[in-house]
Structure formats: C-alpha cells, structure tokens
file query06.cif (mmCIF, N, CA, C and O atoms)
data_data
loop_
_atom_site.label_atom_id
_atom_site.label_comp_id
_atom_site.auth_asym_id
_atom_site.auth_seq_id
_atom_site.Cartn_x
_atom_site.Cartn_y
_atom_site.Cartn_z
N GLY A 4 -64.25 78.58 12.48
CA GLY A 4 -64.94 77.45 13.08
C GLY A 4 -64.03 76.69 14.01
O GLY A 4 -62.92 77.11 14.32
N GLY A 5 -64.49 75.53 14.44
CA GLY A 5 -63.69 74.67 15.30
C GLY A 5 -63.79 75.03 16.77
O GLY A 5 -64.55 75.91 17.16
N PRO A 6 -62.98 74.38 17.57
CA PRO A 6 -63.05 74.59 19.03
C PRO A 6 -62.38 75.86 19.50
O PRO A 6 -62.59 76.30 20.61
N ARG A 7 -61.54 76.49 18.67
CA ARG A 7 -60.78 77.64 19.13
C ARG A 7 -61.65 78.81 19.61
O ARG A 7 -61.41 79.35 20.68
N PRO A 8 -62.68 79.25 18.85
CA PRO A 8 -63.51 80.36 19.35
C PRO A 8 -64.23 80.02 20.66
O PRO A 8 -64.44 80.88 21.50
N MET A 9 -64.60 78.75 20.84
CA MET A 9 -65.28 78.34 22.07
C MET A 9 -64.34 78.48 23.27
O MET A 9 -64.75 79.01 24.31
N VAL A 10 -63.09 78.05 23.12
CA VAL A 10 -62.10 78.17 24.21
C VAL A 10 -61.87 79.63 24.52
O VAL A 10 -61.83 80.04 25.69
N PHE A 11 -61.71 80.44 23.48
CA PHE A 11 -61.47 81.87 23.67
C PHE A 11 -62.63 82.52 24.41
O PHE A 11 -62.43 83.33 25.31
N LYS A 12 -63.86 82.12 24.05
CA LYS A 12 -65.04 82.68 24.72
C LYS A 12 -65.03 82.35 26.21
O LYS A 12 -65.27 83.21 27.05
N TRP A 13 -64.70 81.10 26.55
CA TRP A 13 -64.69 80.70 27.96
C TRP A 13 -63.56 81.36 28.73
O TRP A 13 -63.70 81.68 29.91
N VAL A 14 -62.42 81.59 28.07
CA VAL A 14 -61.32 82.31 28.73
C VAL A 14 -61.75 83.74 29.04
O VAL A 14 -61.50 84.25 30.14
N LEU A 15 -62.43 84.39 28.09
CA LEU A 15 -62.92 85.75 28.34
C LEU A 15 -63.95 85.78 29.47
O LEU A 15 -63.93 86.68 30.31
N ILE A 16 -64.84 84.79 29.49
CA ILE A 16 -65.84 84.70 30.56
C ILE A 16 -65.14 84.51 31.91
O ILE A 16 -65.48 85.16 32.90
N LEU A 17 -64.12 83.64 31.95
CA LEU A 17 -63.37 83.41 33.18
C LEU A 17 -62.69 84.68 33.67
O LEU A 17 -62.77 85.03 34.85
N PHE A 18 -62.03 85.41 32.76
CA PHE A 18 -61.39 86.67 33.14
C PHE A 18 -62.41 87.70 33.62
O PHE A 18 -62.16 88.44 34.55
N THR A 19 -63.58 87.73 32.99
CA THR A 19 -64.61 88.68 33.40
C THR A 19 -65.09 88.37 34.82
O THR A 19 -65.19 89.26 35.66
N VAL A 20 -65.36 87.10 35.08
CA VAL A 20 -65.83 86.70 36.42
C VAL A 20 -64.74 86.98 37.46
O VAL A 20 -65.03 87.50 38.55
N LEU A 21 -63.48 86.68 37.12
CA LEU A 21 -62.37 86.94 38.04
C LEU A 21 -62.23 88.43 38.31
O LEU A 21 -62.03 88.85 39.46
N SER A 22 -62.37 89.24 37.28
CA SER A 22 -62.26 90.69 37.44
C SER A 22 -63.36 91.23 38.35
O SER A 22 -63.11 92.05 39.23
N ILE A 23 -64.59 90.76 38.14
CA ILE A 23 -65.70 91.20 38.97
C ILE A 23 -65.49 90.78 40.43
O ILE A 23 -65.69 91.57 41.35
N ALA A 24 -65.03 89.55 40.63
CA ALA A 24 -64.78 89.06 42.00
C ALA A 24 -63.69 89.88 42.67
O ALA A 24 -63.83 90.28 43.84
N LEU A 25 -62.60 90.17 41.97
CA LEU A 25 -61.52 90.97 42.55
C LEU A 25 -61.98 92.39 42.83
O LEU A 25 -61.63 92.98 43.86
N PHE A 26 -62.80 92.96 41.95
CA PHE A 26 -63.31 94.31 42.15
C PHE A 26 -64.18 94.36 43.42
O PHE A 26 -64.02 95.24 44.26
N LEU A 27 -65.08 93.40 43.56
CA LEU A 27 -65.96 93.37 44.74
C LEU A 27 -65.15 93.14 46.02
O LEU A 27 -65.44 93.75 47.05
N LEU A 28 -64.13 92.27 45.94
CA LEU A 28 -63.28 92.02 47.11
C LEU A 28 -62.53 93.29 47.50
O LEU A 28 -62.43 93.62 48.69
N SER A 29 -62.01 94.03 46.50
CA SER A 29 -61.29 95.27 46.83
C SER A 29 -62.22 96.30 47.46
O SER A 29 -61.84 97.01 48.39
N LYS A 30 -63.47 96.36 46.97
CA LYS A 30 -64.44 97.30 47.56
C LYS A 30 -64.78 96.90 49.00
O LYS A 30 -64.90 97.75 49.88
N ALA A 31 -64.92 95.60 49.25
CA ALA A 31 -65.23 95.13 50.60
C ALA A 31 -64.10 95.44 51.56
O ALA A 31 -64.32 95.92 52.68
N ILE A 32 -62.85 95.20 51.14
CA ILE A 32 -61.71 95.48 52.01
C ILE A 32 -61.58 96.98 52.26
O ILE A 32 -61.32 97.41 53.38
N ALA A 33 -61.77 97.79 51.21
CA ALA A 33 -61.69 99.24 51.38
C ALA A 33 -62.79 99.74 52.31
O ALA A 33 -62.57 100.64 53.12
N PHE A 34 -63.99 99.15 52.24
CA PHE A 34 -65.09 99.56 53.10
C PHE A 34 -64.82 99.18 54.56
O PHE A 34 -65.09 99.95 55.47
N MET A 35 -64.25 97.98 54.77
CA MET A 35 -63.99 97.52 56.13
C MET A 35 -62.76 98.19 56.74
O MET A 35 -62.60 98.19 57.96
N ASN A 36 -61.89 98.76 55.91
CA ASN A 36 -60.69 99.46 56.39
C ASN A 36 -60.65 100.85 55.77
O ASN A 36 -59.87 101.11 54.86
N PRO A 37 -61.51 101.75 56.26
CA PRO A 37 -61.53 103.10 55.66
C PRO A 37 -60.19 103.80 55.85
O PRO A 37 -59.51 103.58 56.85
N PRO A 38 -59.79 104.62 54.87
CA PRO A 38 -58.51 105.32 54.99
C PRO A 38 -58.53 106.32 56.14
O PRO A 38 -59.50 107.04 56.32
N ARG A 39 -57.48 106.30 56.91
CA ARG A 39 -57.34 107.25 58.03
C ARG A 39 -55.99 107.93 57.90
O ARG A 39 -55.02 107.30 57.46
N PRO A 40 -55.91 109.20 58.27
CA PRO A 40 -54.63 109.90 58.18
C PRO A 40 -53.57 109.21 59.04
O PRO A 40 -53.84 108.82 60.18
N GLY A 41 -52.41 109.03 58.48
CA GLY A 41 -51.31 108.42 59.23
C GLY A 41 -51.32 106.91 59.25
O GLY A 41 -50.41 106.29 59.80
N ARG A 42 -52.35 106.28 58.68
CA ARG A 42 -52.39 104.81 58.65
C ARG A 42 -52.35 104.34 57.20
O ARG A 42 -53.18 104.76 56.40
N PRO A 43 -51.40 103.48 56.87
CA PRO A 43 -51.33 103.01 55.48
C PRO A 43 -52.50 102.10 55.14
O PRO A 43 -53.12 101.50 56.01
N ALA A 44 -52.79 102.01 53.85
CA ALA A 44 -53.85 101.11 53.38
C ALA A 44 -53.42 99.66 53.61
O ALA A 44 -52.23 99.37 53.66
N PRO A 45 -54.37 98.75 53.77
CA PRO A 45 -54.02 97.35 53.96
C PRO A 45 -53.20 96.83 52.77
O PRO A 45 -53.46 97.16 51.62
N ARG A 46 -52.18 96.01 53.07
CA ARG A 46 -51.31 95.47 52.02
C ARG A 46 -52.10 94.59 51.04
O ARG A 46 -51.85 94.60 49.84
N MET A 47 -53.06 93.85 51.58
CA MET A 47 -53.85 92.97 50.73
C MET A 47 -54.64 93.76 49.68
O MET A 47 -54.81 93.32 48.55
N LEU A 48 -55.08 94.95 50.06
CA LEU A 48 -55.84 95.79 49.13
C LEU A 48 -54.96 96.17 47.93
O LEU A 48 -55.41 96.12 46.79
N GLY A 49 -53.72 96.51 48.19
CA GLY A 49 -52.80 96.82 47.10
C GLY A 49 -52.56 95.63 46.19
O GLY A 49 -52.53 95.76 44.96
N GLN A 50 -52.43 94.45 46.79
CA GLN A 50 -52.21 93.23 46.01
C GLN A 50 -53.43 92.93 45.14
O GLN A 50 -53.30 92.55 43.97
N ILE A 51 -54.62 93.09 45.69
CA ILE A 51 -55.84 92.81 44.93
C ILE A 51 -56.00 93.82 43.80
O ILE A 51 -56.38 93.45 42.68
N ARG A 52 -55.67 95.08 44.06
CA ARG A 52 -55.78 96.09 42.99
C ARG A 52 -54.79 95.81 41.86
O ARG A 52 -55.11 96.00 40.69
N ARG A 53 -53.57 95.34 42.22
CA ARG A 53 -52.61 94.98 41.17
C ARG A 53 -53.12 93.80 40.36
O ARG A 53 -53.02 93.79 39.13
N ALA A 54 -53.67 92.80 41.04
CA ALA A 54 -54.21 91.63 40.34
C ALA A 54 -55.37 92.04 39.44
O ALA A 54 -55.49 91.56 38.31
N LEU A 55 -56.20 92.95 39.92
CA LEU A 55 -57.34 93.42 39.13
C LEU A 55 -56.84 94.15 37.87
O LEU A 55 -57.38 93.96 36.79
N THR A 56 -55.79 94.95 38.04
CA THR A 56 -55.21 95.64 36.88
C THR A 56 -54.77 94.64 35.82
O THR A 56 -55.04 94.81 34.64
N TRP A 57 -54.09 93.56 36.26
CA TRP A 57 -53.61 92.57 35.30
C TRP A 57 -54.74 91.77 34.68
O TRP A 57 -54.68 91.41 33.50
N THR A 58 -55.79 91.48 35.43
CA THR A 58 -56.89 90.69 34.85
C THR A 58 -57.71 91.52 33.87
O THR A 58 -58.43 90.97 33.06
N VAL A 59 -57.61 92.84 33.95
CA VAL A 59 -58.31 93.69 32.99
C VAL A 59 -57.37 94.06 31.83
O VAL A 59 -57.74 93.99 30.67
N LEU A 60 -56.12 94.39 32.16
CA LEU A 60 -55.17 94.87 31.17
C LEU A 60 -54.78 93.79 30.16
O LEU A 60 -54.81 94.01 28.95
N VAL A 61 -54.41 92.62 30.64
CA VAL A 61 -53.93 91.55 29.75
C VAL A 61 -55.00 91.10 28.76
O VAL A 61 -54.75 91.07 27.55
N PRO A 62 -56.23 90.77 29.20
CA PRO A 62 -57.25 90.38 28.21
C PRO A 62 -57.59 91.51 27.23
O PRO A 62 -57.87 91.26 26.06
N THR A 63 -57.55 92.76 27.68
CA THR A 63 -57.82 93.88 26.79
C THR A 63 -56.76 93.97 25.70
O THR A 63 -57.09 94.14 24.52
N LEU A 64 -55.50 93.84 26.08
CA LEU A 64 -54.43 93.88 25.09
C LEU A 64 -54.53 92.69 24.13
O LEU A 64 -54.32 92.84 22.93
N LEU A 65 -54.86 91.51 24.66
CA LEU A 65 -55.04 90.34 23.79
C LEU A 65 -56.19 90.56 22.81
O LEU A 65 -56.08 90.23 21.63
N ALA A 66 -57.28 91.10 23.30
CA ALA A 66 -58.43 91.35 22.43
C ALA A 66 -58.09 92.36 21.34
O ALA A 66 -58.47 92.20 20.18
N LEU A 67 -57.34 93.42 21.70
CA LEU A 67 -56.93 94.40 20.70
C LEU A 67 -56.01 93.78 19.66
O LEU A 67 -56.13 94.05 18.46
N ALA A 68 -55.07 92.93 20.11
CA ALA A 68 -54.17 92.26 19.17
C ALA A 68 -54.95 91.36 18.22
O ALA A 68 -54.70 91.34 17.01
N LEU A 69 -55.92 90.61 18.75
CA LEU A 69 -56.74 89.75 17.90
C LEU A 69 -57.57 90.58 16.91
O LEU A 69 -57.74 90.19 15.75
N LEU A 70 -58.06 91.72 17.36
CA LEU A 70 -58.82 92.59 16.47
C LEU A 70 -57.95 93.10 15.32
O LEU A 70 -58.36 93.09 14.17
N VAL A 71 -56.73 93.53 15.64
CA VAL A 71 -55.81 94.02 14.62
C VAL A 71 -55.48 92.91 13.62
O VAL A 71 -55.51 93.13 12.40
N VAL A 72 -55.19 91.70 14.12
CA VAL A 72 -54.88 90.57 13.24
C VAL A 72 -56.07 90.26 12.34
O VAL A 72 -55.92 90.04 11.13
N THR A 73 -57.27 90.26 12.91
CA THR A 73 -58.47 89.98 12.12
C THR A 73 -58.68 91.03 11.03
O THR A 73 -59.01 90.70 9.89
N LEU A 74 -58.49 92.31 11.39
CA LEU A 74 -58.68 93.38 10.41
C LEU A 74 -57.62 93.34 9.32
O LEU A 74 -57.89 93.65 8.16
N LEU A 75 -56.39 92.98 9.67
CA LEU A 75 -55.31 92.91 8.68
C LEU A 75 -55.49 91.74 7.72
O LEU A 75 -55.02 91.78 6.59
N ARG A 76 -56.14 90.68 8.16
CA ARG A 76 -56.36 89.50 7.30
C ARG A 76 -57.34 89.81 6.19
O ARG A 76 -57.28 89.20 5.13
N GLN A 77 -58.27 90.71 6.43
CA GLN A 77 -59.32 90.97 5.43
C GLN A 77 -58.84 91.87 4.32
O GLN A 77 -57.95 92.62 4.42
#
call {"tool": "encode", "arguments": {"input": "query06.cif", "output": "structure tokens"}}
result
Amino acid sequence: GGPRPMVFKWVLILFTVLSIALFLLSKAIAFMNPPRPGRPAPRMLGQIRRALTWTVLVPTLLALALLVVTLLRQ
C-alpha cells in the first residue's frame, strides 16, 4: 500500500511514453534520411537509438529486479 506503487506506476508510464516518442522520432529521421551507399547515417539518429536503448533497458532491468525481490520475499 501507500504512495510507493503509485509513483512506480507513473514512472513506468513516463518511460513508456518516452520510449514510444523516441521510437517514432528515430523512424521519422530514418525515413527522411534513407541510407545511401557511402553516406553515413545521421549522427542524431545514433543518439536517439542509444537513448531508446537506455529507456527500454533500464526500466526492464529494474522491473526484473523488483520481480526477483518480490518472489524472494514470499
């Protein structure tokens, strides 16, 4: 009980919305700058993909850690 589950829920919602926004932004940049031989991909696209990796990876690891702690408590 208490406020902790509510905060956790909103943090997960925030990460989900951020992940979706970064994913859509990366798709838009990739669409507007199609890959061509001899031309590197836009630097911003690489930065957005790295940010997307972290916004998906970190909450997933946190959720797994919380799941393990919850299962070990029982």
call {"tool": "atom_distance", "arguments": {"input": "query06.cif", "atom1": "CA of Arg39 in chain A", "atom2": "atom C of Arg52 in chain A"}}
result
20.0 Å
call {"tool": "atom_distance", "arguments": {"input": "query06.cif", "atom1": "CA of Arg7 in chain A", "atom2": "CA of Leu55 in chain A"}}
result
25.7 Å
call {"tool": "atom_distance", "arguments": {"input": "query06.cif", "atom1": "CA of Ala68 in chain A", "atom2": "CA of Phe18 in chain A"}}
result
16.7 Å
call {"tool": "residues_around", "arguments": {"input": "query06.cif", "residues": "Pro45 in chain A", "least_positions_apart": "3", "cutoff": "8 Å", "atoms": "only C-alpha atoms", "output": "number ranges by chain"}}
result
A: 36, 48-49
call {"tool": "select_by_dssp", "arguments": {"input": "query06.cif", "residues": "chain A", "states": "alpha helix (DSSP H)", "output": "compact mmCIF listing (two decimals) with N, CA, C and O atoms, in the coordinates of the input"}}
result
# COMPACT_ATOMS: atom_id res chain seq x y z
N ARG A 7 -61.54 76.49 18.67
CA ARG A 7 -60.78 77.64 19.13
C ARG A 7 -61.65 78.81 19.61
O ARG A 7 -61.41 79.35 20.68
N PRO A 8 -62.68 79.25 18.85
CA PRO A 8 -63.51 80.36 19.35
C PRO A 8 -64.23 80.02 20.66
O PRO A 8 -64.44 80.88 21.50
N MET A 9 -64.60 78.75 20.84
CA MET A 9 -65.28 78.34 22.07
C MET A 9 -64.34 78.48 23.27
O MET A 9 -64.75 79.01 24.31
N VAL A 10 -63.09 78.05 23.12
CA VAL A 10 -62.10 78.17 24.21
C VAL A 10 -61.87 79.63 24.52
O VAL A 10 -61.83 80.04 25.69
N PHE A 11 -61.71 80.44 23.48
CA PHE A 11 -61.47 81.87 23.67
C PHE A 11 -62.63 82.52 24.41
O PHE A 11 -62.43 83.33 25.31
N LYS A 12 -63.86 82.12 24.05
CA LYS A 12 -65.04 82.68 24.72
C LYS A 12 -65.03 82.35 26.21
O LYS A 12 -65.27 83.21 27.05
N TRP A 13 -64.70 81.10 26.55
CA TRP A 13 -64.69 80.70 27.96
C TRP A 13 -63.56 81.36 28.73
O TRP A 13 -63.70 81.68 29.91
N VAL A 14 -62.42 81.59 28.07
CA VAL A 14 -61.32 82.31 28.73
C VAL A 14 -61.75 83.74 29.04
O VAL A 14 -61.50 84.25 30.14
N LEU A 15 -62.43 84.39 28.09
CA LEU A 15 -62.92 85.75 28.34
C LEU A 15 -63.95 85.78 29.47
O LEU A 15 -63.93 86.68 30.31
N ILE A 16 -64.84 84.79 29.49
CA ILE A 16 -65.84 84.70 30.56
C ILE A 16 -65.14 84.51 31.91
O ILE A 16 -65.48 85.16 32.90
N LEU A 17 -64.12 83.64 31.95
CA LEU A 17 -63.37 83.41 33.18
C LEU A 17 -62.69 84.68 33.67
O LEU A 17 -62.77 85.03 34.85
N PHE A 18 -62.03 85.41 32.76
CA PHE A 18 -61.39 86.67 33.14
C PHE A 18 -62.41 87.70 33.62
O PHE A 18 -62.16 88.44 34.55
N THR A 19 -63.58 87.73 32.99
CA THR A 19 -64.61 88.68 33.40
C THR A 19 -65.09 88.37 34.82
O THR A 19 -65.19 89.26 35.66
N VAL A 20 -65.36 87.10 35.08
CA VAL A 20 -65.83 86.70 36.42
C VAL A 20 -64.74 86.98 37.46
O VAL A 20 -65.03 87.50 38.55
N LEU A 21 -63.48 86.68 37.12
CA LEU A 21 -62.37 86.94 38.04
C LEU A 21 -62.23 88.43 38.31
O LEU A 21 -62.03 88.85 39.46
N SER A 22 -62.37 89.24 37.28
CA SER A 22 -62.26 90.69 37.44
C SER A 22 -63.36 91.23 38.35
O SER A 22 -63.11 92.05 39.23
N ILE A 23 -64.59 90.76 38.14
CA ILE A 23 -65.70 91.20 38.97
C ILE A 23 -65.49 90.78 40.43
O ILE A 23 -65.69 91.57 41.35
N ALA A 24 -65.03 89.55 40.63
CA ALA A 24 -64.78 89.06 42.00
C ALA A 24 -63.69 89.88 42.67
O ALA A 24 -63.83 90.28 43.84
N LEU A 25 -62.60 90.17 41.97
CA LEU A 25 -61.52 90.97 42.55
C LEU A 25 -61.98 92.39 42.83
O LEU A 25 -61.63 92.98 43.86
N PHE A 26 -62.80 92.96 41.95
CA PHE A 26 -63.31 94.31 42.15
C PHE A 26 -64.18 94.36 43.42
O PHE A 26 -64.02 95.24 44.26
N LEU A 27 -65.08 93.40 43.56
CA LEU A 27 -65.96 93.37 44.74
C LEU A 27 -65.15 93.14 46.02
O LEU A 27 -65.44 93.75 47.05
N LEU A 28 -64.13 92.27 45.94
CA LEU A 28 -63.28 92.02 47.11
C LEU A 28 -62.53 93.29 47.50
O LEU A 28 -62.43 93.62 48.69
N SER A 29 -62.01 94.03 46.50
CA SER A 29 -61.29 95.27 46.83
C SER A 29 -62.22 96.30 47.46
O SER A 29 -61.84 97.01 48.39
N LYS A 30 -63.47 96.36 46.97
CA LYS A 30 -64.44 97.30 47.56
C LYS A 30 -64.78 96.90 49.00
O LYS A 30 -64.90 97.75 49.88
N ALA A 31 -64.92 95.60 49.25
CA ALA A 31 -65.23 95.13 50.60
C ALA A 31 -64.10 95.44 51.56
O ALA A 31 -64.32 95.92 52.68
N ILE A 32 -62.85 95.20 51.14
CA ILE A 32 -61.71 95.48 52.01
C ILE A 32 -61.58 96.98 52.26
O ILE A 32 -61.32 97.41 53.38
N ALA A 33 -61.77 97.79 51.21
CA ALA A 33 -61.69 99.24 51.38
C ALA A 33 -62.79 99.74 52.31
O ALA A 33 -62.57 100.64 53.12
N PHE A 34 -63.99 99.15 52.24
CA PHE A 34 -65.09 99.56 53.10
C PHE A 34 -64.82 99.18 54.56
O PHE A 34 -65.09 99.95 55.47
N MET A 35 -64.25 97.98 54.77
CA MET A 35 -63.99 97.52 56.13
C MET A 35 -62.76 98.19 56.74
O MET A 35 -62.60 98.19 57.96
N ARG A 46 -52.18 96.01 53.07
CA ARG A 46 -51.31 95.47 52.02
C ARG A 46 -52.10 94.59 51.04
O ARG A 46 -51.85 94.60 49.84
N MET A 47 -53.06 93.85 51.58
CA MET A 47 -53.85 92.97 50.73
C MET A 47 -54.64 93.76 49.68
O MET A 47 -54.81 93.32 48.55
N LEU A 48 -55.08 94.95 50.06
CA LEU A 48 -55.84 95.79 49.13
C LEU A 48 -54.96 96.17 47.93
O LEU A 48 -55.41 96.12 46.79
N GLY A 49 -53.72 96.51 48.19
CA GLY A 49 -52.80 96.82 47.10
C GLY A 49 -52.56 95.63 46.19
O GLY A 49 -52.53 95.76 44.96
N GLN A 50 -52.43 94.45 46.79
CA GLN A 50 -52.21 93.23 46.01
C GLN A 50 -53.43 92.93 45.14
O GLN A 50 -53.30 92.55 43.97
N ILE A 51 -54.62 93.09 45.69
CA ILE A 51 -55.84 92.81 44.93
C ILE A 51 -56.00 93.82 43.80
O ILE A 51 -56.38 93.45 42.68
N ARG A 52 -55.67 95.08 44.06
CA ARG A 52 -55.78 96.09 42.99
C ARG A 52 -54.79 95.81 41.86
O ARG A 52 -55.11 96.00 40.69
N ARG A 53 -53.57 95.34 42.22
CA ARG A 53 -52.61 94.98 41.17
C ARG A 53 -53.12 93.80 40.36
O ARG A 53 -53.02 93.79 39.13
N ALA A 54 -53.67 92.80 41.04
CA ALA A 54 -54.21 91.63 40.34
C ALA A 54 -55.37 92.04 39.44
O ALA A 54 -55.49 91.56 38.31
N LEU A 55 -56.20 92.95 39.92
CA LEU A 55 -57.34 93.42 39.13
C LEU A 55 -56.84 94.15 37.87
O LEU A 55 -57.38 93.96 36.79
N THR A 56 -55.79 94.95 38.04
CA THR A 56 -55.21 95.64 36.88
C THR A 56 -54.77 94.64 35.82
O THR A 56 -55.04 94.81 34.64
N TRP A 57 -54.09 93.56 36.26
CA TRP A 57 -53.61 92.57 35.30
C TRP A 57 -54.74 91.77 34.68
O TRP A 57 -54.68 91.41 33.50
N THR A 58 -55.79 91.48 35.43
CA THR A 58 -56.89 90.69 34.85
C THR A 58 -57.71 91.52 33.87
O THR A 58 -58.43 90.97 33.06
N VAL A 59 -57.61 92.84 33.95
CA VAL A 59 -58.31 93.69 32.99
C VAL A 59 -57.37 94.06 31.83
O VAL A 59 -57.74 93.99 30.67
N LEU A 60 -56.12 94.39 32.16
CA LEU A 60 -55.17 94.87 31.17
C LEU A 60 -54.78 93.79 30.16
O LEU A 60 -54.81 94.01 28.95
N VAL A 61 -54.41 92.62 30.64
CA VAL A 61 -53.93 91.55 29.75
C VAL A 61 -55.00 91.10 28.76
O VAL A 61 -54.75 91.07 27.55
N PRO A 62 -56.23 90.77 29.20
CA PRO A 62 -57.25 90.38 28.21
C PRO A 62 -57.59 91.51 27.23
O PRO A 62 -57.87 91.26 26.06
N THR A 63 -57.55 92.76 27.68
CA THR A 63 -57.82 93.88 26.79
C THR A 63 -56.76 93.97 25.70
O THR A 63 -57.09 94.14 24.52
N LEU A 64 -55.50 93.84 26.08
CA LEU A 64 -54.43 93.88 25.09
C LEU A 64 -54.53 92.69 24.13
O LEU A 64 -54.32 92.84 22.93
N LEU A 65 -54.86 91.51 24.66
CA LEU A 65 -55.04 90.34 23.79
C LEU A 65 -56.19 90.56 22.81
O LEU A 65 -56.08 90.23 21.63
N ALA A 66 -57.28 91.10 23.30
CA ALA A 66 -58.43 91.35 22.43
C ALA A 66 -58.09 92.36 21.34
O ALA A 66 -58.47 92.20 20.18
N LEU A 67 -57.34 93.42 21.70
CA LEU A 67 -56.93 94.40 20.70
C LEU A 67 -56.01 93.78 19.66
O LEU A 67 -56.13 94.05 18.46
N ALA A 68 -55.07 92.93 20.11
CA ALA A 68 -54.17 92.26 19.17
C ALA A 68 -54.95 91.36 18.22
O ALA A 68 -54.70 91.34 17.01
N LEU A 69 -55.92 90.61 18.75
CA LEU A 69 -56.74 89.75 17.90
C LEU A 69 -57.57 90.58 16.91
O LEU A 69 -57.74 90.19 15.75
N LEU A 70 -58.06 91.72 17.36
CA LEU A 70 -58.82 92.59 16.47
C LEU A 70 -57.95 93.10 15.32
O LEU A 70 -58.36 93.09 14.17
N VAL A 71 -56.73 93.53 15.64
CA VAL A 71 -55.81 94.02 14.62
C VAL A 71 -55.48 92.91 13.62
O VAL A 71 -55.51 93.13 12.40
N VAL A 72 -55.19 91.70 14.12
CA VAL A 72 -54.88 90.57 13.24
C VAL A 72 -56.07 90.26 12.34
O VAL A 72 -55.92 90.04 11.13
N THR A 73 -57.27 90.26 12.91
CA THR A 73 -58.47 89.98 12.12
C THR A 73 -58.68 91.03 11.03
O THR A 73 -59.01 90.70 9.89
N LEU A 74 -58.49 92.31 11.39
CA LEU A 74 -58.68 93.38 10.41
C LEU A 74 -57.62 93.34 9.32
O LEU A 74 -57.89 93.65 8.16
N LEU A 75 -56.39 92.98 9.67
CA LEU A 75 -55.31 92.91 8.68
C LEU A 75 -55.49 91.74 7.72
O LEU A 75 -55.02 91.78 6.59
N ARG A 76 -56.14 90.68 8.16
CA ARG A 76 -56.36 89.50 7.30
C ARG A 76 -57.34 89.81 6.19
O ARG A 76 -57.28 89.20 5.13
call {"tool": "closest_residue", "arguments": {"input": "query06.cif", "among": "A:Phe34, A:Leu74, A:Leu17, A:Ser22", "to": "Trp57 in chain A", "atoms": "only C-alpha atoms"}}
result
A:Ser22
call {"tool": "axis_aligned_box", "arguments": {"input": "query06.cif", "around": "range 48-65 of chain A", "padding_each_side": "3 Å", "output": "JSON"}}
result
{"center_x": -55.3, "center_y": 93.5, "center_z": 35.8, "size_x": 12.2, "size_y": 12.6, "size_z": 34.4}
